[in-house]
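Reviewing the structure listed below.
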Amino acid sequence: MEATEALSYVDDPVAVQFLEEALEDYRTVGSAIAGLERIRNAEAVAVLIRPLDKPKNETAIRARAALQVIAHETDDEGLRSMIKSALRE
């Protein structure tokens, strides 16, 4: 849990794969999602989109919230479009 918390502050795309693995453990989901939201590149967004197919799942609920924040705050139209498309499904 401590490692994921620390990793969530790494503002580098290299952390995405490790944060994705942390989504598998309910104890580290919050930190992992926070880190992915902070990185907010296409790879991080893709990782946040994956859990959306299970809408009642806690990870999906948190991921949806993070995606909404990213969509609202990003200047990247491609990223915004990717997120809006995923949230409509």
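Chain labels run A, B, ... following the order of the structure tokens; each chain numbers its residues from 1, and ligands are numbered from 1 in the order shown.
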- Give the alpha helix (DSSP H) residues of chain A, as DSSP finds them on the backbone, and put them as a count of residues only. 60
May I have the residues within 8 Å of Ser8 in chain A as an mmCIF file with all heavy atoms, in the first residue's frame, using only C-alpha atoms and disregarding those fewer than 6 positions away in the same chain?
data_model
loop_
_atom_site.group_PDB
_atom_site.id
_atom_site.type_symbol
_atom_site.label_atom_id
_atom_site.label_comp_id
_atom_site.auth_asym_id
_atom_site.auth_seq_id
_atom_site.Cartn_x
_atom_site.Cartn_y
_atom_site.Cartn_z
ATOM 1 N N ALA A 15 5.068 5.021 -14.769
ATOM 2 C CA ALA A 15 4.332 4.505 -13.611
ATOM 3 C C ALA A 15 2.999 3.867 -13.982
ATOM 4 O O ALA A 15 2.438 3.108 -13.194
ATOM 5 C CB ALA A 15 4.102 5.629 -12.608
ATOM 6 N N LEU A 19 0.717 1.221 -11.797
ATOM 7 C CA LEU A 19 -0.554 1.684 -11.220
ATOM 8 C C LEU A 19 -1.708 0.816 -11.708
ATOM 9 O O LEU A 19 -2.650 0.544 -10.966
ATOM 10 C CB LEU A 19 -0.782 3.160 -11.558
ATOM 11 C CG LEU A 19 0.197 4.122 -10.882
ATOM 12 C CD1 LEU A 19 0.061 5.516 -11.479
ATOM 13 C CD2 LEU A 19 -0.018 4.144 -9.378
ATOM 14 N N SER A 31 -5.234 5.108 -4.442
ATOM 15 C CA SER A 31 -3.929 5.689 -4.783
ATOM 16 C C SER A 31 -3.603 5.492 -6.254
ATOM 17 O O SER A 31 -3.080 6.391 -6.915
ATOM 18 C CB SER A 31 -2.820 5.058 -3.933
ATOM 19 O OG SER A 31 -2.999 5.372 -2.584
ATOM 20 N N ALA A 32 -3.913 4.313 -6.765
ATOM 21 C CA ALA A 32 -3.625 4.025 -8.172
ATOM 22 C C ALA A 32 -4.424 4.953 -9.089
ATOM 23 O O ALA A 32 -3.881 5.516 -10.042
ATOM 24 C CB ALA A 32 -3.933 2.563 -8.488
ATOM 25 N N ILE A 33 -5.688 5.124 -8.793
ATOM 26 C CA ILE A 33 -6.517 5.997 -9.619
ATOM 27 C C ILE A 33 -6.046 7.446 -9.514
ATOM 28 O O ILE A 33 -5.991 8.159 -10.518
ATOM 29 C CB ILE A 33 -8.004 5.834 -9.264
ATOM 30 C CG1 ILE A 33 -8.477 4.472 -9.785
ATOM 31 C CG2 ILE A 33 -8.847 6.971 -9.846
ATOM 32 C CD1 ILE A 33 -9.883 4.097 -9.452
ATOM 33 N N ALA A 34 -5.680 7.878 -8.334
ATOM 34 C CA ALA A 34 -5.161 9.244 -8.168
ATOM 35 C C ALA A 34 -3.911 9.448 -9.017
ATOM 36 O O ALA A 34 -3.744 10.495 -9.656
ATOM 37 C CB ALA A 34 -4.875 9.523 -6.703
ATOM 38 N N GLY A 35 -3.042 8.461 -9.040
ATOM 39 C CA GLY A 35 -1.828 8.556 -9.847
ATOM 40 C C GLY A 35 -2.127 8.595 -11.333
ATOM 41 O O GLY A 35 -1.557 9.396 -12.080
ATOM 42 N N LEU A 36 -3.041 7.744 -11.777
ATOM 43 C CA LEU A 36 -3.419 7.728 -13.191
ATOM 44 C C LEU A 36 -4.080 9.045 -13.586
ATOM 45 O O LEU A 36 -3.834 9.569 -14.678
ATOM 46 C CB LEU A 36 -4.359 6.543 -13.469
ATOM 47 C CG LEU A 36 -3.700 5.170 -13.349
ATOM 48 C CD1 LEU A 36 -4.763 4.079 -13.260
ATOM 49 C CD2 LEU A 36 -2.735 4.919 -14.501
ATOM 50 N N ARG A 38 -3.449 11.916 -12.251
ATOM 51 C CA ARG A 38 -2.379 12.912 -12.259
ATOM 52 C C ARG A 38 -1.557 12.821 -13.554
ATOM 53 O O ARG A 38 -1.210 13.830 -14.145
ATOM 54 C CB ARG A 38 -1.469 12.702 -11.050
ATOM 55 C CG ARG A 38 -0.511 13.821 -10.792
ATOM 56 C CD ARG A 38 0.224 13.667 -9.464
ATOM 57 N NE ARG A 38 -0.712 13.763 -8.343
ATOM 58 C CZ ARG A 38 -1.064 12.747 -7.542
ATOM 59 N NH1 ARG A 38 -0.541 11.559 -7.711
ATOM 60 N NH2 ARG A 38 -1.910 12.920 -6.549
#
- Query: If you measure from CA of Thr4 in chain A to CA of Ala66 in chain A, what distance in Å do you get, rounded to one decimal?
  - Reply: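 Calculated distance between CA of Thr4 in chain A and CA of Ala66 in chain A is 17.0 Å.
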- Of the candidates A:Ala65, A:Asp75, A:Lys54, A:Glu43, which one gets nearest to Glu20 in chain A if we count only C-alpha atoms? A:Glu43
- Compile the contact shell of Val29 in chain A as a PyMOL selection string: residues with an atom at most 7 Å away, counting only C-alpha atoms, same-chain residues fewer than 5 positions apart removed. chain A and resi 22-23+59
Would you output that residue set with all heavy atoms, as a compact mmCIF listing (two decimals), in the first residue's frame?
# COMPACT_ATOMS: atom_id res chain seq x y z
N ALA A 22 -1.90 -2.11 -9.58
CA ALA A 22 -2.41 -1.77 -8.25
C ALA A 22 -3.94 -1.67 -8.23
O ALA A 22 -4.55 -1.76 -7.17
CB ALA A 22 -1.80 -0.45 -7.78
N LEU A 23 -4.56 -1.55 -9.40
CA LEU A 23 -6.03 -1.51 -9.46
C LEU A 23 -6.65 -2.85 -9.07
O LEU A 23 -7.83 -2.91 -8.76
CB LEU A 23 -6.51 -1.12 -10.86
CG LEU A 23 -6.26 0.31 -11.30
CD1 LEU A 23 -6.72 0.50 -12.73
CD2 LEU A 23 -6.94 1.29 -10.38
N THR A 59 -14.03 0.14 -8.17
CA THR A 59 -12.97 0.63 -9.05
C THR A 59 -13.57 1.40 -10.22
O THR A 59 -13.08 2.47 -10.59
CB THR A 59 -12.09 -0.53 -9.54
OG1 THR A 59 -11.54 -1.21 -8.41
CG2 THR A 59 -10.97 -0.04 -10.44
- Using only C-alpha atoms: which of A:Ile39, A:Glu73, A:Ala63, A:Met1 has the shortest distance to Val14 in chain A: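 Answer, going by the shortest atom-to-atom distance: A:Ile39.
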- Item | Selected residue of minimal separation from Glu24 in chain A among A:Glu89, A:Asp76, A:Asp11, A:Glu58, counting only C-alpha atoms |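 Ranked by minimum distance to Glu24 in chain A, first place goes to A:Glu58.
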- Task: Tell me, in Å to one decimal, how far CA of Ala86 in chain A is from CA of Ala71 in chain A.
- Result: 11.1 Å
- Item | Separation of CA of Ala42 in chain A from CA of Leu79 in chain A in Å |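 Going from CA of Leu79 in chain A over to CA of Ala42 in chain A, I get 6.4 Å.
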